[in-house]
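Next up, upload-v7.txt (compact mmCIF, C-alpha atoms):
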# COMPACT_ATOMS: atom_id res chain seq x y z
CA ALA A 1 85.38 89.63 109.49
CA PRO A 2 86.08 93.37 109.13
CA GLN A 3 89.82 92.74 108.65
CA LEU A 4 89.12 89.98 106.13
CA ALA A 5 86.79 92.18 104.09
CA TRP A 6 89.31 95.03 104.19
CA ALA A 7 92.15 92.74 103.05
CA TYR A 8 90.26 91.42 100.03
CA THR A 9 88.91 94.78 98.90
CA VAL A 10 90.67 98.01 99.83
CA GLU A 11 94.02 96.39 100.57
CA ALA A 12 93.86 94.13 97.49
CA TRP A 13 93.07 97.13 95.27
CA ARG A 14 96.08 98.96 96.69
CA LYS A 15 98.42 96.00 96.15
CA ASP A 16 97.08 95.07 92.72
CA ARG A 17 97.21 98.74 91.70
CA ARG A 18 93.96 98.24 89.91
CA ARG A 19 90.40 98.03 91.07
CA ASP A 20 89.47 95.03 88.88
CA SER A 21 91.34 92.74 91.24
CA ASP A 22 91.62 88.96 90.81
CA THR A 23 91.94 88.79 94.60
CA THR A 24 88.59 90.54 95.04
CA LYS A 25 87.00 88.39 92.34
CA GLY A 26 88.01 85.21 94.17
CA PHE A 27 86.58 86.57 97.42
CA TYR A 28 83.46 88.18 96.00
CA GLN A 29 80.59 85.75 95.85
CA TRP A 30 81.17 83.61 98.93
CA SER A 31 82.03 86.61 101.08
CA SER A 32 78.97 88.52 99.89
CA MET A 33 76.71 85.66 100.92
CA ALA A 34 78.52 85.15 104.25
CA LEU A 35 78.69 88.86 105.12
CA THR A 36 75.00 89.21 104.27
CA GLU A 37 74.23 86.52 106.83
CA TYR A 38 76.52 88.33 109.29
CA TYR A 39 74.65 91.60 108.56
CA GLN A 40 71.29 89.90 109.10
CA THR A 41 72.20 88.91 112.68
CA GLN A 42 71.25 92.45 113.69
CA HIS A 43 67.63 91.29 113.49
CA THR A 44 68.14 88.45 115.95
CA ASP A 45 68.22 88.19 119.73
CA ARG A 46 72.02 87.95 119.58
CA PRO A 47 73.32 90.40 116.96
CA TRP A 48 77.00 90.32 116.13
CA LYS A 49 79.30 93.35 116.29
CA ASN A 50 79.84 95.55 113.23
CA THR A 51 76.76 94.36 111.33
CA GLU A 52 76.33 97.72 109.60
CA LEU A 53 79.96 97.65 108.47
CA MET A 54 79.43 94.18 106.99
CA GLY A 55 76.41 95.51 105.11
CA ASP A 56 78.60 98.35 103.82
CA TYR A 57 81.11 95.84 102.45
CA VAL A 58 78.41 93.79 100.75
CA VAL A 59 76.96 96.85 99.00
CA ALA A 60 80.43 98.17 98.09
CA MET A 61 81.46 94.82 96.62
CA ALA A 62 78.26 94.70 94.57
CA HIS A 63 79.19 98.11 93.19
CA TRP A 64 82.65 96.71 92.42
CA ILE A 65 81.37 93.59 90.60
CA VAL A 66 78.90 95.61 88.50
CA HIS A 67 80.93 98.73 87.72
CA GLU A 68 84.62 97.86 88.08
CA HIS A 69 84.54 94.20 87.08
CA GLN A 70 81.75 94.99 84.58
CA ILE A 71 79.96 91.70 85.09
CA LEU A 72 77.45 92.27 82.28
CA ASN A 73 80.27 92.62 79.73
CA ARG A 74 82.05 89.34 80.53
CA ARG A 75 82.23 86.67 77.84
CA ARG A 76 82.57 83.68 80.16
CA ASN A 77 79.97 82.31 82.55
CA THR A 78 79.47 84.63 85.50
CA GLY A 79 76.76 82.74 87.35
CA TYR A 80 78.90 82.82 90.51
CA ALA A 81 78.66 86.62 90.63
CA TYR A 82 74.87 86.67 90.82
CA GLU A 83 74.97 84.75 94.10
CA GLY A 84 76.76 87.79 95.57
CA ILE A 85 74.68 90.36 93.71
CA ILE A 86 71.46 88.84 95.02
CA ALA A 87 72.86 88.83 98.56
CA ALA A 88 73.68 92.53 98.12
CA HIS A 89 70.14 93.12 96.90
CA GLN A 90 68.91 91.70 100.21
CA VAL A 91 71.09 94.16 102.15
CA ALA A 92 70.10 97.12 99.98
CA THR A 93 66.42 96.25 100.38
CA ALA A 94 66.74 95.86 104.16
CA ARG A 95 68.41 99.28 104.34
CA GLY A 96 65.75 100.96 102.23
CA LEU A 97 68.26 101.76 99.46
CA SER A 98 65.70 101.35 96.69
CA HIS A 99 67.87 102.90 93.97
CA ILE A 100 70.63 100.36 94.67
CA ALA A 101 68.18 97.47 95.06
CA ASP A 102 66.52 98.39 91.75
CA ALA A 103 69.88 98.55 89.96
CA LEU A 104 70.89 95.15 91.36
CA ARG A 105 67.52 93.71 90.37
CA ASN A 106 68.06 94.94 86.81
CA VAL A 107 71.61 93.57 86.61
CA THR A 108 70.36 90.22 87.93
CA GLN A 109 67.52 90.06 85.42
CA VAL A 110 69.70 90.98 82.44
CA GLY A 111 72.64 88.82 83.46
CA LEU A 112 70.75 85.67 84.39
CA TYR A 113 68.56 85.96 81.31
CA GLN A 114 71.69 86.04 79.14
CA LEU A 115 73.25 83.12 81.00
CA THR A 116 70.06 81.06 80.78
CA THR A 117 70.49 81.08 76.98
CA TRP A 118 73.68 79.06 77.63
CA GLN A 119 71.82 76.21 79.35
CA VAL A 120 71.59 73.00 77.34
CA SER A 121 67.89 72.17 76.81
CA GLY A 122 67.05 75.16 79.02
CA PRO A 123 64.01 77.43 78.65
CA LEU A 124 65.95 79.92 76.48
CA ALA A 125 68.25 77.53 74.58
CA ASP A 126 66.41 78.33 71.35
CA GLN A 127 67.81 81.89 71.57
CA ASN A 128 71.42 80.65 71.39
CA PRO A 129 72.54 80.04 67.78
CA PHE A 130 75.33 77.71 68.96
CA LEU A 131 72.91 75.47 70.89
CA VAL A 132 70.39 75.53 68.04
CA GLN A 133 73.15 74.47 65.62
CA GLN A 134 74.31 71.70 67.98
CA GLN A 135 70.77 70.40 68.30
CA GLN A 136 70.35 70.36 64.50
CA ARG A 137 73.62 68.41 64.08
CA HIS A 138 72.64 65.62 66.44
CA ASP A 139 69.53 63.52 66.01
CA LYS A 140 69.35 62.76 69.69
CA PRO A 141 70.77 65.15 72.32
CA ASP A 142 72.89 63.65 75.09
CA PRO A 143 70.50 63.27 78.07
CA LEU A 144 73.42 63.76 80.46
CA ALA A 145 74.02 67.24 79.04
CA ALA A 146 70.43 68.43 79.59
CA GLY A 147 70.37 71.23 82.14
CA GLY A 148 74.12 71.75 82.01
CA VAL A 149 75.38 75.30 81.63
CA MET A 150 78.15 76.18 79.20
CA ASN A 151 81.22 78.25 80.11
CA ALA A 152 80.48 80.65 77.24
CA LYS A 153 77.69 81.14 74.72
CA ASP A 154 79.58 79.06 72.14
CA ASP A 155 81.65 76.68 74.29
CA ALA A 156 80.15 73.20 74.67
CA LEU A 157 82.31 72.33 77.67
CA LEU A 158 80.11 71.66 80.69
CA ARG A 159 81.43 71.95 84.24
CA ILE A 160 79.38 70.95 87.25
CA ASP A 161 80.63 73.89 89.33
CA THR A 162 79.56 76.36 86.63
CA THR A 163 76.12 74.76 86.53
CA GLN A 164 75.84 74.68 90.33
CA HIS A 165 76.75 78.35 90.77
CA GLN A 166 74.39 79.49 88.05
CA MET A 167 71.48 77.36 89.17
CA HIS A 168 72.00 78.41 92.80
CA ALA A 169 71.87 82.03 91.65
CA VAL A 170 68.69 81.31 89.69
CA MET A 171 67.10 79.71 92.77
CA MET A 172 68.11 82.69 94.91
CA ALA A 173 66.73 85.11 92.30
CA LEU A 174 63.45 83.23 92.00
CA GLU A 175 63.10 83.18 95.79
CA GLU A 176 63.71 86.95 95.93
CA GLN A 177 61.43 87.47 92.90
CA LEU A 178 64.27 89.05 90.92
CA TYR A 179 64.15 86.85 87.84
CA GLU A 180 61.80 85.51 85.22
CA THR A 181 62.42 83.98 81.82
CA ASN A 182 59.05 84.73 80.24
CA ARG A 183 59.75 88.12 78.70
Could I get this structure in the form of structure tokens?
Amino acid sequence: APQLAWAYTVEAWRKDRRRDSDTTKGFYQWSSMALTEYYQTQHTDRPWKNTELMGDYVVAMAHWIVHEHQILNRRRNTGYAYEGIIAAHQVATARGLSHIADALRNVTQVGLYQLTTWQVSGPLADQNPFLVQQQQRHDKPDPLAAGGVMNAKDDALLRIDTTQHQMHAVMMALEEQLYETNR
């Protein structure tokens, strides 16, 4: 695992000659969740080797997704990223890094709130002018679209993987008490 994390972060940044690496983006969310589970073995009867290093990678990649990849400034659906950010929040909390945990909590709240406005018939759909306009155009909304999440705030295309990533992130955030829609 240490070599894998190195290859998709430090080594990828060197090869890509930029820190906003497509290689790191493709690795980010699944690896953050997996490495968080790896890190958490330190609290079991059979901890794995290098758990602290895995926690370091998770926190470093969260910094990357927030500051280098600038996840809050993306125009397409970024629900996948919050799965990794929430995993990093777990590591930061376990390590007592409250300033990092608080920052990740804020990014999660802001980002998921924005993305929830892209959910067809969702709790914040009335805050999305595109969805409001679509609802006014059609007498009866398509029941199969209800709950689907758009790829962008004004793109009606629905993909199941986009919806699954975002809703998984929402479930993780609710479980960790990082998200609410009733502001």
Q: May I ask which of the residues A:His99, A:Lys49, A:Lys153, A:His43 is the closest one to Arg76 (chain A), counting only C-alpha atoms?
A: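 Of A:His99, A:Lys49, A:Lys153, A:His43, the one nearest Arg76 (chain A), counting only C-alpha atoms, is A:Lys153.
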Q) Of the candidates A:Gln177, A:Gln136, A:Gly84, A:Gly96, which one gets nearest to Gln29 (chain A) if we count all atoms listed in the file? A)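 Of the candidates, the smallest distance to Gln29 (chain A) is held by A:Gly84.
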Q.
Here is a test: counting all atoms listed in the file, which residue of A:Arg137, A:Asn151, A:Arg95, A:Asp102 is nearest to Thr117 (chain A)?
A. A:Asn151
Q: Can you pull out every residue within 10 Å of His69 (chain A), counting only C-alpha atoms, but drop anything in the same chain fewer than 2 positions away, and send it as a list of chain:residue names?
A: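 Here the qualifying residues turn out to be A:Arg19, A:Asp20, A:Ser21, A:Asp22, A:Thr24, A:Lys25, A:Ala62, A:His63, A:Trp64, A:Ile65, A:Val66, A:His67, A:Ile71, A:Leu72, A:Asn73, A:Arg74.
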Q) Rounded to one decimal in Å, what is the spacing between CA of Glu180 (chain A) and CA of Ala94 (chain A)? A)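 CA of Ala94 (chain A) lies 22.1 Å from CA of Glu180 (chain A).
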Adding 5 Å on each side of the box along x, y and z that holds all listed atoms of region 5-17 of chain A, could you give its centre and edge lengths in Å to one decimal, as AutoDock Vina command-line options?
--center_x 92.6 --center_y 95.2 --center_z 97.9 --size_x 21.6 --size_y 17.5 --size_z 22.5
Q) Smallest atom-to-atom distance to Gln119 (chain A): which of A:Ala5, A:Ala101, A:Leu157, A:Val91, using all atoms listed in the file? A)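 Looking at the shortest contact to Gln119 (chain A), the residue is A:Leu157.
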Q. Any idea what the distance is between CA of Asp142 (chain A) and CA of Gln114 (chain A)?
A.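 Straight-line distance from CA of Asp142 (chain A) to CA of Gln114 (chain A) works out to 22.8 Å.
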**Q.** Radius query 12 Å about (77.0, 76.0, 87.4), atoms used: all atoms listed in the file, as a PyMOL selection string
**A.** chain A and resi 76-83+112+115-116+118-120+147-152+157-171
Q. From the set A:Gly122, A:Gly111, A:Pro129, A:Pro141, which residue has the shortest atom-to-atom contact distance to Tyr179 (chain A), counting all atoms listed in the file?
A.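 With all atoms listed in the file as the atom set, the closest residue is A:Gly111.
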Any chance you could model N, CA and C atoms for region 97-122 of chain A and send them as a short mmCIF file (atom, residue, chain, number, x, y, z; two decimals), in the coordinates of the input?
data_model
loop_
_atom_site.label_atom_id
_atom_site.label_comp_id
_atom_site.auth_asym_id
_atom_site.auth_seq_id
_atom_site.Cartn_x
_atom_site.Cartn_y
_atom_site.Cartn_z
N LEU A 97 67.51 101.13 100.56
CA LEU A 97 68.26 101.76 99.46
C LEU A 97 67.64 101.31 98.13
N SER A 98 66.47 101.84 97.85
CA SER A 98 65.70 101.35 96.69
C SER A 98 66.42 101.57 95.37
N HIS A 99 67.16 102.66 95.23
CA HIS A 99 67.87 102.90 93.97
C HIS A 99 68.95 101.84 93.74
N ILE A 100 69.61 101.41 94.79
CA ILE A 100 70.63 100.36 94.67
C ILE A 100 69.94 99.01 94.45
N ALA A 101 68.91 98.73 95.22
CA ALA A 101 68.18 97.47 95.06
C ALA A 101 67.61 97.34 93.65
N ASP A 102 67.06 98.42 93.11
CA ASP A 102 66.52 98.39 91.75
C ASP A 102 67.61 98.14 90.72
N ALA A 103 68.76 98.76 90.90
CA ALA A 103 69.88 98.55 89.96
C ALA A 103 70.36 97.10 90.03
N LEU A 104 70.45 96.54 91.23
CA LEU A 104 70.89 95.15 91.36
C LEU A 104 69.85 94.19 90.80
N ARG A 105 68.59 94.52 90.97
CA ARG A 105 67.52 93.71 90.37
C ARG A 105 67.67 93.69 88.84
N ASN A 106 67.92 94.85 88.26
CA ASN A 106 68.06 94.94 86.81
C ASN A 106 69.28 94.15 86.32
N VAL A 107 70.40 94.31 87.00
CA VAL A 107 71.61 93.57 86.61
C VAL A 107 71.35 92.07 86.71
N THR A 108 70.67 91.64 87.76
CA THR A 108 70.36 90.22 87.93
C THR A 108 69.48 89.72 86.80
N GLN A 109 68.44 90.47 86.49
CA GLN A 109 67.52 90.06 85.42
C GLN A 109 68.25 89.95 84.08
N VAL A 110 68.99 90.97 83.73
CA VAL A 110 69.70 90.98 82.44
C VAL A 110 70.75 89.87 82.40
N GLY A 111 71.56 89.78 83.45
CA GLY A 111 72.64 88.82 83.46
C GLY A 111 72.18 87.38 83.47
N LEU A 112 71.22 87.05 84.34
CA LEU A 112 70.75 85.67 84.39
C LEU A 112 69.97 85.29 83.14
N TYR A 113 69.26 86.24 82.57
CA TYR A 113 68.56 85.96 81.31
C TYR A 113 69.57 85.57 80.23
N GLN A 114 70.64 86.35 80.11
CA GLN A 114 71.69 86.04 79.14
C GLN A 114 72.29 84.67 79.41
N LEU A 115 72.62 84.40 80.66
CA LEU A 115 73.25 83.12 81.00
C LEU A 115 72.31 81.94 80.80
N THR A 116 71.02 82.15 80.98
CA THR A 116 70.06 81.06 80.78
C THR A 116 70.03 80.62 79.31
N THR A 117 70.42 81.49 78.39
CA THR A 117 70.49 81.08 76.98
C THR A 117 71.67 80.13 76.75
N TRP A 118 72.53 79.96 77.73
CA TRP A 118 73.68 79.06 77.63
C TRP A 118 73.39 77.69 78.24
N GLN A 119 72.17 77.47 78.71
CA GLN A 119 71.82 76.21 79.35
C GLN A 119 71.31 75.21 78.32
N VAL A 120 71.97 74.06 78.27
CA VAL A 120 71.59 73.00 77.34
C VAL A 120 70.18 72.53 77.66
N SER A 121 69.30 72.55 76.67
CA SER A 121 67.89 72.17 76.81
C SER A 121 67.14 73.06 77.79
N GLY A 122 67.69 74.24 78.10
CA GLY A 122 67.05 75.16 79.02
C GLY A 122 65.91 75.92 78.38
#
